[in-house]
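*Asks:* Structure file input06.pdb (PDB, C-alpha atoms) right here:
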ATOM      1  CA  GLN B   1      -4.134-101.733 124.923
ATOM      2  CA  LEU B   2      -6.071-105.001 124.839
ATOM      3  CA  ILE B   3      -2.839-106.907 124.349
ATOM      4  CA  ARG B   4      -1.184-105.063 127.250
ATOM      5  CA  LEU B   5      -4.060-106.152 129.477
ATOM      6  CA  CYS B   6      -3.668-109.732 128.247
ATOM      7  CA  LEU B   7       0.024-109.604 129.148
ATOM      8  CA  THR B   8      -0.923-108.725 132.729
ATOM      9  CA  GLY B   9      -3.078-111.863 132.901
ATOM     10  CA  ASP B  10      -6.458-110.118 132.589
ATOM     11  CA  GLN B  11      -8.896-112.944 131.718
ATOM     12  CA  THR B  12     -11.566-110.542 130.440
ATOM     13  CA  ALA B  13      -9.074-109.005 128.028
ATOM     14  CA  MET B  14      -8.039-112.463 126.837
ATOM     15  CA  LEU B  15     -11.670-113.366 126.115
ATOM     16  CA  ALA B  16     -12.147-110.047 124.311
ATOM     17  CA  LEU B  17      -9.056-110.726 122.186
ATOM     18  CA  VAL B  18     -10.346-114.179 121.252
ATOM     19  CA  ASP B  19     -13.792-112.758 120.422
ATOM     20  CA  ARG B  20     -12.241-110.041 118.274
ATOM     21  CA  TYR B  21     -10.212-112.416 116.068
ATOM     22  CA  ARG B  22     -12.217-115.647 116.323
ATOM     23  CA  GLY B  23     -13.923-115.285 112.950
ATOM     24  CA  GLN B  24     -10.757-114.513 111.019
ATOM     25  CA  VAL B  25      -8.773-117.327 112.621
ATOM     26  CA  PHE B  26     -11.569-119.872 112.226
ATOM     27  CA  GLY B  27     -12.161-118.785 108.618
ATOM     28  CA  LEU B  28      -8.516-119.302 107.705
ATOM     29  CA  CYS B  29      -8.410-122.664 109.483
ATOM     30  CA  TYR B  30     -11.610-123.846 107.830
ATOM     31  CA  ARG B  31     -10.454-122.873 104.349
ATOM     32  CA  MET B  32      -7.087-124.553 104.852
ATOM     33  CA  LEU B  33      -8.391-127.724 106.511
ATOM     34  CA  GLY B  34     -11.807-128.078 104.877
ATOM     35  CA  GLN B  35     -13.375-129.673 107.974
ATOM     36  CA  ARG B  36     -15.299-127.744 110.592
ATOM     37  CA  GLU B  37     -14.263-129.842 113.590
ATOM     38  CA  ASP B  38     -10.582-129.694 112.690
ATOM     39  CA  ALA B  39     -10.839-125.954 112.066
ATOM     40  CA  GLU B  40     -12.440-125.401 115.480
ATOM     41  CA  ASP B  41      -9.717-127.434 117.180
ATOM     42  CA  ILE B  42      -6.890-125.645 115.395
ATOM     43  CA  ALA B  43      -8.455-122.216 115.965
ATOM     44  CA  GLN B  44      -8.625-122.962 119.690
ATOM     45  CA  GLU B  45      -5.065-124.257 119.645
ATOM     46  CA  THR B  46      -4.003-121.069 117.829
ATOM     47  CA  PHE B  47      -5.415-118.836 120.558
ATOM     48  CA  VAL B  48      -3.877-120.938 123.324
ATOM     49  CA  ARG B  49      -0.491-120.747 121.632
ATOM     50  CA  ALA B  50      -0.831-117.024 120.865
ATOM     51  CA  LEU B  51      -1.812-116.111 124.428
ATOM     52  CA  LYS B  52       0.946-118.302 125.844
ATOM     53  CA  ASN B  53       3.535-116.615 123.596
ATOM     54  CA  LEU B  54       2.086-113.103 123.574
ATOM     55  CA  HIS B  55       5.216-111.784 125.261
ATOM     56  CA  ARG B  56       7.137-112.703 122.068
ATOM     57  CA  TRP B  57       4.967-110.547 119.812
ATOM     58  CA  ASP B  58       6.716-107.398 118.586
ATOM     59  CA  PRO B  59       4.454-104.390 119.368
ATOM     60  CA  GLU B  60       6.040-102.527 116.435
ATOM     61  CA  ARG B  61       4.272-104.939 114.076
ATOM     62  CA  ASP B  62       0.592-105.569 113.413
ATOM     63  CA  PHE B  63      -0.939-108.196 115.672
ATOM     64  CA  GLU B  64      -3.307-109.767 113.134
ATOM     65  CA  PRO B  65      -0.660-111.102 110.694
ATOM     66  CA  TRP B  66       1.270-112.542 113.646
ATOM     67  CA  LEU B  67      -1.849-114.329 114.884
ATOM     68  CA  LEU B  68      -2.776-115.583 111.404
ATOM     69  CA  ALA B  69       0.779-116.846 110.907
ATOM     70  CA  ILE B  70       0.348-118.978 114.037
ATOM     71  CA  ALA B  71      -2.973-120.267 112.672
ATOM     72  CA  GLY B  72      -1.402-121.043 109.296
ATOM     73  CA  ASN B  73       1.470-122.906 110.935
ATOM     74  CA  ARG B  74      -0.932-124.937 113.074
ATOM     75  CA  CYS B  75      -3.007-125.769 109.976
ATOM     76  CA  ARG B  76       0.055-126.913 108.025
ATOM     77  CA  SER B  77       1.030-129.156 110.942
ATOM     78  CA  ALA B  78      -2.490-130.584 111.062
ATOM     79  CA  LEU B  79      -2.467-131.186 107.292
ATOM     80  CA  ALA B  80       0.869-132.987 107.524
ATOM     81  CA  LYS B  81      -0.497-135.117 110.345
ATOM     82  CA  ARG B  82      -3.650-135.828 108.343
ATOM     83  CA  MET B  83      -1.567-137.055 105.384
ATOM     84  CA  ARG B  84      -0.062-139.723 107.628
ATOM     85  CA  ARG B  85      -3.524-141.029 108.645
ATOM     86  CA  PRO B  86      -5.491-143.477 106.541
ATOM     87  CA  ALA B  87      -8.363-141.834 104.644
ATOM     88  CA  SER B  88     -11.866-142.189 106.056
ATOM     89  CA  ARG B  89     -14.868-143.038 103.915
ATOM     90  CA  THR B  90     -18.355-141.555 104.035
ATOM     91  CA  LEU B  91     -20.869-144.124 105.244
ATOM     92  CA  VAL B  92     -23.993-142.143 104.369
ATOM     93  CA  GLU B  93     -24.431-140.314 101.082
ATOM     94  CA  PRO B  94     -26.066-136.869 101.364
ATOM     95  CA  LEU B  95     -29.544-136.409  99.892
ATOM     96  CA  PRO B  96     -29.640-134.577  96.571
ATOM     97  CA  ASP B  97     -30.523-130.892  96.763
ATOM     98  CA  ARG B  98     -33.968-130.153  95.305
ATOM     99  CA  HIS B  99     -32.952-126.680  94.087
ATOM    100  CA  PRO B 100     -31.003-126.911  90.810
ATOM    101  CA  ASP B 101     -29.446-123.432  91.126
ATOM    102  CA  LEU B 102     -28.308-124.166  94.665
ATOM    103  CA  GLN B 103     -26.996-127.524  93.501
ATOM    104  CA  ALA B 104     -24.923-125.881  90.753
ATOM    105  CA  ALA B 105     -23.552-123.327  93.204
ATOM    106  CA  LYS B 106     -22.769-126.092  95.668
ATOM    107  CA  GLN B 107     -20.947-128.072  92.971
ATOM    108  CA  LEU B 108     -18.946-125.018  91.945
ATOM    109  CA  ALA B 109     -17.997-124.347  95.574
ATOM    110  CA  GLU B 110     -16.890-127.971  95.935
ATOM    111  CA  GLU B 111     -14.801-127.743  92.761
ATOM    112  CA  VAL B 112     -13.144-124.543  93.962
ATOM    113  CA  GLU B 113     -12.461-126.134  97.357
ATOM    114  CA  LEU B 114     -10.973-129.174  95.631
ATOM    115  CA  ALA B 115      -8.860-126.879  93.463
ATOM    116  CA  LEU B 116      -7.632-124.988  96.541
ATOM    117  CA  ARG B 117      -6.661-128.237  98.223
ATOM    118  CA  SER B 118      -4.609-129.198  95.177
ATOM    119  CA  LEU B 119      -2.359-126.151  95.588
ATOM    120  CA  ARG B 120       0.977-126.193  97.360
ATOM    121  CA  ALA B 121       0.430-125.173 100.992
ATOM    122  CA  GLU B 122       2.256-121.843 100.731
ATOM    123  CA  TYR B 123       0.367-120.877  97.550
ATOM    124  CA  ARG B 124      -2.965-121.734  99.188
ATOM    125  CA  GLU B 125      -2.182-119.864 102.386
ATOM    126  CA  ALA B 126      -1.008-116.718 100.584
ATOM    127  CA  PHE B 127      -4.038-116.867  98.253
ATOM    128  CA  GLU B 128      -6.488-117.262 101.141
ATOM    129  CA  LEU B 129      -4.874-114.539 103.241
ATOM    130  CA  PHE B 130      -5.188-112.180 100.266
ATOM    131  CA  HIS B 131      -8.628-113.118  98.940
ATOM    132  CA  GLN B 132     -10.423-114.322 102.074
ATOM    133  CA  GLN B 133      -8.787-112.357 104.893
ATOM    134  CA  GLU B 134      -8.186-109.337 102.620
ATOM    135  CA  LEU B 135      -4.681-108.783 103.978
ATOM    136  CA  SER B 136      -2.238-106.631 102.045
ATOM    137  CA  TYR B 137       0.856-108.096 100.417
ATOM    138  CA  ALA B 138       2.931-106.503 103.198
ATOM    139  CA  GLN B 139       0.801-108.094 105.923
ATOM    140  CA  ILE B 140       0.959-111.489 104.220
ATOM    141  CA  SER B 141       4.718-111.092 103.831
ATOM    142  CA  GLU B 142       4.985-110.481 107.547
ATOM    143  CA  ALA B 143       2.619-113.325 108.455
ATOM    144  CA  LEU B 144       4.440-115.840 106.266
ATOM    145  CA  ALA B 145       7.921-114.448 107.007
ATOM    146  CA  CYS B 146       8.869-114.109 103.343
ATOM    147  CA  PRO B 147       9.550-111.228 100.925
ATOM    148  CA  ILE B 148       6.652-109.342  99.331
ATOM    149  CA  GLY B 149       7.826-110.455  95.885
ATOM    150  CA  THR B 150       7.484-114.072  96.983
ATOM    151  CA  VAL B 151       3.953-113.393  98.230
ATOM    152  CA  ARG B 152       3.012-111.846  94.876
ATOM    153  CA  THR B 153       4.497-114.816  93.031
ATOM    154  CA  TRP B 154       2.683-117.341  95.222
ATOM    155  CA  ILE B 155      -0.671-115.602  94.792
ATOM    156  CA  HIS B 156      -0.149-115.321  91.020
ATOM    157  CA  ARG B 157       0.810-118.989  90.741
ATOM    158  CA  ALA B 158      -2.144-120.000  92.923
ATOM    159  CA  ARG B 159      -4.526-118.172  90.589
ATOM    160  CA  LYS B 160      -2.990-119.765  87.491
ATOM    161  CA  GLU B 161      -3.083-123.241  89.012
ATOM    162  CA  LEU B 162      -6.693-122.781  90.164
ATOM    163  CA  ILE B 163      -7.746-121.749  86.675
ATOM    164  CA  ARG B 164      -5.889-124.673  85.073
ATOM    165  CA  PHE B 165      -7.416-127.110  87.559
ATOM    166  CA  LEU B 166     -10.946-125.797  86.957
ATOM    167  CA  GLN B 167     -10.410-125.812  83.188
ATOM    168  CA  ALA B 168      -9.126-129.393  83.268
ATOM    169  CA  ARG B 169     -12.257-130.419  85.157
ATOM    170  CA  GLU B 170     -14.353-128.429  82.658
ATOM    171  CA  VAL B 171     -15.766-126.185  85.369
ATOM    172  CA  VAL B 172     -14.703-123.011  83.558
ATOM    173  CA  GLU B 173     -14.170-122.333  79.870
ATOM    174  CA  THR B 174     -10.712-122.733  78.403
ATOM    175  CA  ARG B 175      -9.311-119.453  77.141
ATOM    176  CA  ASN B 176      -5.903-118.464  75.843
ATOM    177  CA  ALA B 177      -5.709-115.459  78.194
ATOM    178  CA  VAL B 178      -4.456-117.408  81.217
TER     179      VAL B 178
END
Show the structure stored in the file as structure tokens.
*Replies:*
Amino acid sequence: QLIRLCLTGDQTAMLALVDRYRGQVFGLCYRMLGQREDAEDIAQETFVRALKNLHRWDPERDFEPWLLAIAGNRCRSALAKRMRRPASRTLVEPLPDRHPDLQAAKQLAEEVELALRSLRAEYREAFELFHQQELSYAQISEALACPIGTVRTWIHRARKELIRFLQAREVVETRNAV
């Protein structure tokens, strides 16, 4: 019903739609891009594009995977654009954290983020849609416009590559059960 109201041009409904999905879209963008400002920009761009093309959405399908597919596509475009830019350098080093447990957790989070960035884009997106957005394989298949078997393969390969990356960096123990 909310989408029907949006299609009639109801501004209140459009704001409600954005509010409803803002967290999920921003979360996906942030995990894919790794930078808050870029994620905010792409999330906004996602909603503009989605509302502009809402008439193309198939009401027989779930709305959320369609919206997240737009976000994922926008993120991949932004990542491709970023690769063509020269890298920026940090001018100010952050102060060390005075809490050793928080520091270890922060380092682990950074290692995992680095590992995620090392994945192929489609592996990372499928992995994040499954583990972060908690979408089903069917929803991810729809969002990424690929077969469910491909989604399963991508998520499996993402997990294996993450483990290998973290083992190579000695973040996790090496085991034969990979």
*Asks:* What does the PyMOL selection byres ((chain B and resi 121-132) around 10) select in this file, as number ranges by chain?
*Replies:* B: 24, 27-29, 31-32, 65, 68-69, 72-73, 75-76, 79, 115-120, 133-137, 139-141, 143-144, 150-159, 161-162
*Asks:* So what do you get for CA of Ala50 in chain B versus CA of Leu33 in chain B, distance-wise?
*Replies:*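 CA of Leu33 in chain B lies 19.4 Å from CA of Ala50 in chain B.
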*Asks:* Name the residues in contact with range 35-49 of chain B at a cut-off of 7 Å, using all atoms listed in the file, excluding same-chain residues fewer than 2 positions from it; report them as a PDB file with C-alpha atoms, in the frame of the given file.
*Replies:*
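This is the output file around-v7.pdb:
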ATOM      1  CA  VAL B  18     -10.346-114.179 121.252  1.00  0.00           C
ATOM      2  CA  VAL B  25      -8.773-117.327 112.621  1.00  0.00           C
ATOM      3  CA  PHE B  26     -11.569-119.872 112.226  1.00  0.00           C
ATOM      4  CA  CYS B  29      -8.410-122.664 109.483  1.00  0.00           C
ATOM      5  CA  TYR B  30     -11.610-123.846 107.830  1.00  0.00           C
ATOM      6  CA  LEU B  33      -8.391-127.724 106.511  1.00  0.00           C
ATOM      7  CA  LEU B  51      -1.812-116.111 124.428  1.00  0.00           C
ATOM      8  CA  LYS B  52       0.946-118.302 125.844  1.00  0.00           C
ATOM      9  CA  ASN B  53       3.535-116.615 123.596  1.00  0.00           C
ATOM     10  CA  ILE B  70       0.348-118.978 114.037  1.00  0.00           C
ATOM     11  CA  ALA B  71      -2.973-120.267 112.672  1.00  0.00           C
ATOM     12  CA  ARG B  74      -0.932-124.937 113.074  1.00  0.00           C
ATOM     13  CA  CYS B  75      -3.007-125.769 109.976  1.00  0.00           C
TER      14      CYS B  75
END
*Asks:* Quick one: of B:Ala138, B:Ala104, B:Val112, B:Ile3, who's nearest to Arg20 in chain B, counting only C-alpha atoms?
*Replies:*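 Among B:Ala138, B:Ala104, B:Val112, B:Ile3, it is B:Ile3 that comes nearest to Arg20 in chain B.
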*Asks:* Selection in question (the file shown): the PyMOL selection byres ((chain B and resi 17) around 10). Which residues does it include, as a PDB file with C-alpha atoms, in the coordinates of the input?
*Replies:*
ATOM      1  CA  LEU B   2      -6.071-105.001 124.839  1.00  0.00           C
ATOM      2  CA  ILE B   3      -2.839-106.907 124.349  1.00  0.00           C
ATOM      3  CA  LEU B   5      -4.060-106.152 129.477  1.00  0.00           C
ATOM      4  CA  CYS B   6      -3.668-109.732 128.247  1.00  0.00           C
ATOM      5  CA  GLN B  11      -8.896-112.944 131.718  1.00  0.00           C
ATOM      6  CA  THR B  12     -11.566-110.542 130.440  1.00  0.00           C
ATOM      7  CA  ALA B  13      -9.074-109.005 128.028  1.00  0.00           C
ATOM      8  CA  MET B  14      -8.039-112.463 126.837  1.00  0.00           C
ATOM      9  CA  LEU B  15     -11.670-113.366 126.115  1.00  0.00           C
ATOM     10  CA  ALA B  16     -12.147-110.047 124.311  1.00  0.00           C
ATOM     11  CA  VAL B  18     -10.346-114.179 121.252  1.00  0.00           C
ATOM     12  CA  ASP B  19     -13.792-112.758 120.422  1.00  0.00           C
ATOM     13  CA  ARG B  20     -12.241-110.041 118.274  1.00  0.00           C
ATOM     14  CA  TYR B  21     -10.212-112.416 116.068  1.00  0.00           C
ATOM     15  CA  ARG B  22     -12.217-115.647 116.323  1.00  0.00           C
ATOM     16  CA  PHE B  47      -5.415-118.836 120.558  1.00  0.00           C
ATOM     17  CA  LEU B  51      -1.812-116.111 124.428  1.00  0.00           C
TER      18      LEU B  51
END
*Asks:* What does the distance between CA of Leu67 in chain B and CA of Gly34 in chain B come to in Å, to one decimal place?
*Replies:*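 One can read the CA of Leu67 in chain B to CA of Gly34 in chain B distance as 19.7 Å.
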*Asks:* How many Å lie between CA of Thr8 in chain B and CA of Pro59 in chain B, rounded to one decimal?
*Replies:*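 So the two atoms, CA of Thr8 in chain B and CA of Pro59 in chain B, lie 15.0 Å apart.
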*Asks:* Quick one: axis-aligned box around all listed atoms of range 71-82 of chain B, 6 Å on every side, centre and edge lengths in Å to one decimal, written as AutoDock Vina command-line options.
*Replies:*
--center_x -1.1 --center_y -128.0 --center_z 110.2 --size_x 17.1 --size_y 27.6 --size_z 17.8
